[in-house]
Amino acid sequence: MKFKNLKYLLILICVESSFAQMQPFKLQDVKLTDGMFKKAQNVDLKYILELNPDKLLAPYLIDAGLPLKANRYGNWESSGLDGHIGGHYLSALAMMYASTGNVELKMRLDYMVNELALCQAKNGNGYVGGIPNGKVFWERIDKGDIDGSTFGLNNTWVPIYNIHKLFAGLRDAYEITDNQQAKQVLIGLGDWFIELIKPLSTEQIQHVLDTEHGGINETFADLYIITKDKKYLDAAKKLSHLKLLNPLLEKQDKLTGLHANTQIPKVIGFEKIATLTHNTDWEQASEYFWQSVTQTR
């Protein structure tokens, strides 16, 4: 159908959209043509291919006690936040592969997932991570030895934020590219984390969550969606930060002075959990956050 008058086309779209419901679509369903967005995608693709997977994997191999294939990158990757870019990279590879079909991206993704699986197998308990002295750090948490601040936990730089990037990268590798090995590594990592926090009280878990932790609650909600195992949904609720959630439940804006990058992933988790559990209170709290941030800030 062709329209000579844009006004009538817009009216038709508005009328039809009032009867429609938005549906998600796969990244594979959209291809960019020439233009500014295609140019940006090409720049991103060039950068992704310039990164060395073995350098990004180095922190995980170090922690697992496996021989290195390349030295790790500098800066954040060797000064306390070791390993977090590897998680981001998995997500980038998955999304860019879906958008472009570039087979080199899929080869790199499969390679990294396999190397992470080897690290996980070497650790022997489901854990895989790149944070410095990870085994000692997690043992302290498991024992309830918790000393946290906004960006540090037991003298370690945002470790749960760090490992959340791996959780998210593995999820994307599975959900976007159907890498079944990524699913198994993800489930093993999730089971390890549940065992880690099992001895902790609600108060201790909330103390851990006072340090930036990304969207760890959303990750466990995603694990529930993938497996249908309720233990992951229970973990998602436990890992929801009440210091942020409770004021939102009361329709109170207590956001001034908080780090936006830290809070937004938590609320995305609140909303996903609300949808899965039909919790209207958490849903309204998430909606209040959105309205407050976008309309009054």
# chains A, B, ... in the order shown; residues from 1 in each chain; ligands from 1
$ select_by_dssp --residues "region 161-239 of chain A" --states "alpha helix (DSSP H)" --output "PyMOL selection string"
chain A and resi 161-177+180-197+202-209+216-227+230-238
$ residues_around --residues "Glu175 (chain A)" --least-positions-apart "5" --cutoff "9 Å" --atoms "only C-alpha atoms" --output "PyMOL selection string"
chain A and resi 94+170+183+226
$ atom_distance --atom1 "CA of Lys55 (chain A)" --atom2 "CA of Ile85 (chain A)"
10.2 Å
$ residues_around --residues "Ile187 (chain A)" --least-positions-apart "5" --cutoff "9 Å" --atoms "only C-alpha atoms" --output "PyMOL selection string"
chain A and resi 126+182+192+223+227
$ write_last_selection --atoms "C-alpha atoms" --output "PDB file, in the first residue's frame"
ATOM      1  CA  GLY A 126      32.015 -24.799  38.666  1.00  0.00           C
ATOM      2  CA  ALA A 182      28.347 -21.675  26.892  1.00  0.00           C
ATOM      3  CA  TRP A 192      28.832 -22.551  42.123  1.00  0.00           C
ATOM      4  CA  LEU A 223      19.187 -18.770  34.283  1.00  0.00           C
ATOM      5  CA  THR A 227      16.512 -23.962  32.835  1.00  0.00           C
TER       6      THR A 227
END
$ residues_around --residues "Arg108 (chain A)" --least-positions-apart "2" --cutoff "10 Å" --atoms "only C-alpha atoms" --output "list in words"
Leu49, Asn52, Pro53, Asp54, Tyr89, Leu90, Leu93, Ala94, Val103, Glu104, Leu105, Lys106, Asp110, Tyr111, Met112, Val113 and Asn114 of chain A
$ write_last_selection --atoms "C-alpha atoms" --output "tab-separated table (two decimals), in the first residue's frame"
chain	number	residue	atom	x	y	z
A	49	LEU	CA	38.84	-8.11	15.45
A	52	ASN	CA	43.46	-10.73	21.04
A	53	PRO	CA	41.27	-13.44	22.64
A	54	ASP	CA	44.26	-15.09	24.31
A	89	TYR	CA	34.00	-9.49	24.56
A	90	LEU	CA	31.83	-12.62	24.51
A	93	LEU	CA	31.26	-11.31	19.53
A	94	ALA	CA	27.78	-12.79	19.84
A	103	VAL	CA	32.39	-16.30	10.64
A	104	GLU	CA	35.63	-15.14	12.27
A	105	LEU	CA	33.54	-13.75	15.14
A	106	LYS	CA	31.83	-17.09	15.71
A	110	ASP	CA	33.57	-20.76	20.26
A	111	TYR	CA	37.29	-20.73	21.02
A	112	MET	CA	36.88	-18.50	24.08
A	113	VAL	CA	33.99	-20.53	25.45
A	114	ASN	CA	36.00	-23.73	25.08
$ residues_around --residues "region 152-161 of chain A" --least-positions-apart "4" --cutoff "6 Å" --atoms "only C-alpha atoms" --output "PyMOL selection string"
chain A and resi 80+147-148+212-214
$ closest_residue --among "A:Lys165, A:Lys39, A:Leu57, A:Ile216" --to "Tyr73 (chain A)" --atoms "only C-alpha atoms"
A:Leu57
$ residues_around --residues "His84 (chain A)" --least-positions-apart "4" --cutoff "8 Å" --atoms "only C-alpha atoms" --output "MDAnalysis selection string"
chainID A and resid 77 88 130 162:163 165:166
$ write_last_selection --atoms "all heavy atoms" --output "PDB file, in the first residue's frame"
ATOM      1  N   GLU A  77      42.870  -4.537  33.050  1.00  0.00           N
ATOM      2  CA  GLU A  77      42.969  -5.997  32.926  1.00  0.00           C
ATOM      3  C   GLU A  77      44.150  -6.580  33.698  1.00  0.00           C
ATOM      4  O   GLU A  77      44.321  -7.800  33.721  1.00  0.00           O
ATOM      5  CB  GLU A  77      43.070  -6.393  31.457  1.00  0.00           C
ATOM      6  CG  GLU A  77      41.739  -6.387  30.730  1.00  0.00           C
ATOM      7  CD  GLU A  77      40.774  -7.457  31.242  1.00  0.00           C
ATOM      8  OE1 GLU A  77      41.040  -8.646  31.060  1.00  0.00           O
ATOM      9  OE2 GLU A  77      39.755  -7.081  31.852  1.00  0.00           O
ATOM     10  N   HIS A  88      32.680  -8.984  28.509  1.00  0.00           N
ATOM     11  CA  HIS A  88      32.143  -8.032  27.536  1.00  0.00           C
ATOM     12  C   HIS A  88      32.410  -8.511  26.104  1.00  0.00           C
ATOM     13  O   HIS A  88      31.565  -8.362  25.217  1.00  0.00           O
ATOM     14  CB  HIS A  88      32.815  -6.658  27.715  1.00  0.00           C
ATOM     15  CG  HIS A  88      32.307  -5.870  28.875  1.00  0.00           C
ATOM     16  ND1 HIS A  88      30.983  -5.537  29.036  1.00  0.00           N
ATOM     17  CD2 HIS A  88      32.962  -5.303  29.927  1.00  0.00           C
ATOM     18  CE1 HIS A  88      30.836  -4.802  30.134  1.00  0.00           C
ATOM     19  NE2 HIS A  88      32.019  -4.652  30.690  1.00  0.00           N
ATOM     20  N   GLY A 130      38.429 -14.382  36.545  1.00  0.00           N
ATOM     21  CA  GLY A 130      39.756 -13.829  36.342  1.00  0.00           C
ATOM     22  C   GLY A 130      40.205 -12.855  37.408  1.00  0.00           C
ATOM     23  O   GLY A 130      41.278 -12.262  37.278  1.00  0.00           O
ATOM     24  N   ASN A 162      32.518  -7.691  38.182  1.00  0.00           N
ATOM     25  CA  ASN A 162      33.453  -8.343  37.264  1.00  0.00           C
ATOM     26  C   ASN A 162      32.890  -9.674  36.764  1.00  0.00           C
ATOM     27  O   ASN A 162      32.777  -9.907  35.557  1.00  0.00           O
ATOM     28  CB  ASN A 162      34.792  -8.553  37.989  1.00  0.00           C
ATOM     29  CG  ASN A 162      35.891  -9.096  37.094  1.00  0.00           C
ATOM     30  OD1 ASN A 162      35.633  -9.735  36.093  1.00  0.00           O
ATOM     31  ND2 ASN A 162      37.135  -8.859  37.471  1.00  0.00           N
ATOM     32  N   ILE A 163      32.506 -10.530  37.685  1.00  0.00           N
ATOM     33  CA  ILE A 163      32.049 -11.859  37.276  1.00  0.00           C
ATOM     34  C   ILE A 163      30.677 -11.792  36.597  1.00  0.00           C
ATOM     35  O   ILE A 163      30.340 -12.654  35.777  1.00  0.00           O
ATOM     36  CB  ILE A 163      32.045 -12.835  38.471  1.00  0.00           C
ATOM     37  CG1 ILE A 163      32.109 -14.282  37.959  1.00  0.00           C
ATOM     38  CG2 ILE A 163      30.834 -12.627  39.374  1.00  0.00           C
ATOM     39  CD1 ILE A 163      32.374 -15.292  39.045  1.00  0.00           C
ATOM     40  N   LYS A 165      29.971  -9.776  34.301  1.00  0.00           N
ATOM     41  CA  LYS A 165      30.246  -9.614  32.867  1.00  0.00           C
ATOM     42  C   LYS A 165      30.421 -10.973  32.202  1.00  0.00           C
ATOM     43  O   LYS A 165      29.996 -11.172  31.062  1.00  0.00           O
ATOM     44  CB  LYS A 165      31.491  -8.755  32.653  1.00  0.00           C
ATOM     45  CG  LYS A 165      31.432  -7.390  33.300  1.00  0.00           C
ATOM     46  CD  LYS A 165      30.145  -6.659  32.971  1.00  0.00           C
ATOM     47  CE  LYS A 165      29.659  -5.857  34.158  1.00  0.00           C
ATOM     48  NZ  LYS A 165      28.234  -5.545  34.108  1.00  0.00           N
ATOM     49  N   LEU A 166      31.050 -11.921  32.923  1.00  0.00           N
ATOM     50  CA  LEU A 166      31.200 -13.266  32.371  1.00  0.00           C
ATOM     51  C   LEU A 166      29.851 -13.974  32.310  1.00  0.00           C
ATOM     52  O   LEU A 166      29.531 -14.630  31.313  1.00  0.00           O
ATOM     53  CB  LEU A 166      32.185 -14.073  33.205  1.00  0.00           C
ATOM     54  CG  LEU A 166      32.433 -15.508  32.720  1.00  0.00           C
ATOM     55  CD1 LEU A 166      32.958 -15.526  31.289  1.00  0.00           C
ATOM     56  CD2 LEU A 166      33.394 -16.230  33.656  1.00  0.00           C
TER      57      LEU A 166
END
$ closest_atom_pairs --of "region 90-120 of chain A" --to "region 19-31 of chain A" --cutoff "10 Å" --atoms "only C-alpha atoms" --output "CSV"
residue,atom,partner,partner_atom,distance
A:Ala94,CA,A:Leu27,CA,9.8
A:Met95,CA,A:Leu27,CA,7.1
A:Met96,CA,A:Leu27,CA,8.8
A:Tyr97,CA,A:Gln28,CA,8.5
A:Ala98,CA,A:Gln28,CA,4.9
A:Ser99,CA,A:Gln28,CA,5.5
A:Thr100,CA,A:Lys31,CA,7.3
A:Gly101,CA,A:Gln28,CA,8.3
$ closest_residue --among "A:Ala235, A:Leu186, A:Ile176, A:Leu109" --to "Tyr127 (chain A)" --atoms "only C-alpha atoms"
A:Leu186
$ closest_residue --among "A:His259, A:Lys143, A:Lys251, A:Lys266" --to "Lys237 (chain A)" --atoms "only C-alpha atoms"
A:Lys266
$ closest_residue --among "A:Ala92, A:Tyr174, A:Gln284, A:Val293" --to "Tyr47 (chain A)" --atoms "only C-alpha atoms"
A:Ala92
$ atom_distance --atom1 "CA of Asn71 (chain A)" --atom2 "CA of Gly87 (chain A)"
17.3 Å
$ atom_distance --atom1 "CA of Gln263 (chain A)" --atom2 "CA of Pro247 (chain A)"
12.9 Å
$ select_by_dssp --residues "region 23-192 of chain A" --states "strand (DSSP E or B)" --output "JSON, numbers by chain"
{"A": [148, 152, 153, 156, 157]}
$ write_last_selection --atoms "C-alpha atoms" --output "PDB file, in the first residue's frame"
ATOM      1  CA  GLY A 148      32.730  -3.870  51.610  1.00  0.00           C
ATOM      2  CA  GLY A 152      35.571  -2.489  46.826  1.00  0.00           C
ATOM      3  CA  LEU A 153      34.842  -5.799  48.528  1.00  0.00           C
ATOM      4  CA  THR A 156      39.081  -6.385  45.670  1.00  0.00           C
ATOM      5  CA  TRP A 157      37.783  -4.079  42.947  1.00  0.00           C
TER       6      TRP A 157
END
$ closest_residue --among "A:Val185, A:Leu81, A:Ala173, A:Ile131" --to "Leu116 (chain A)" --atoms "only C-alpha atoms"
A:Val185
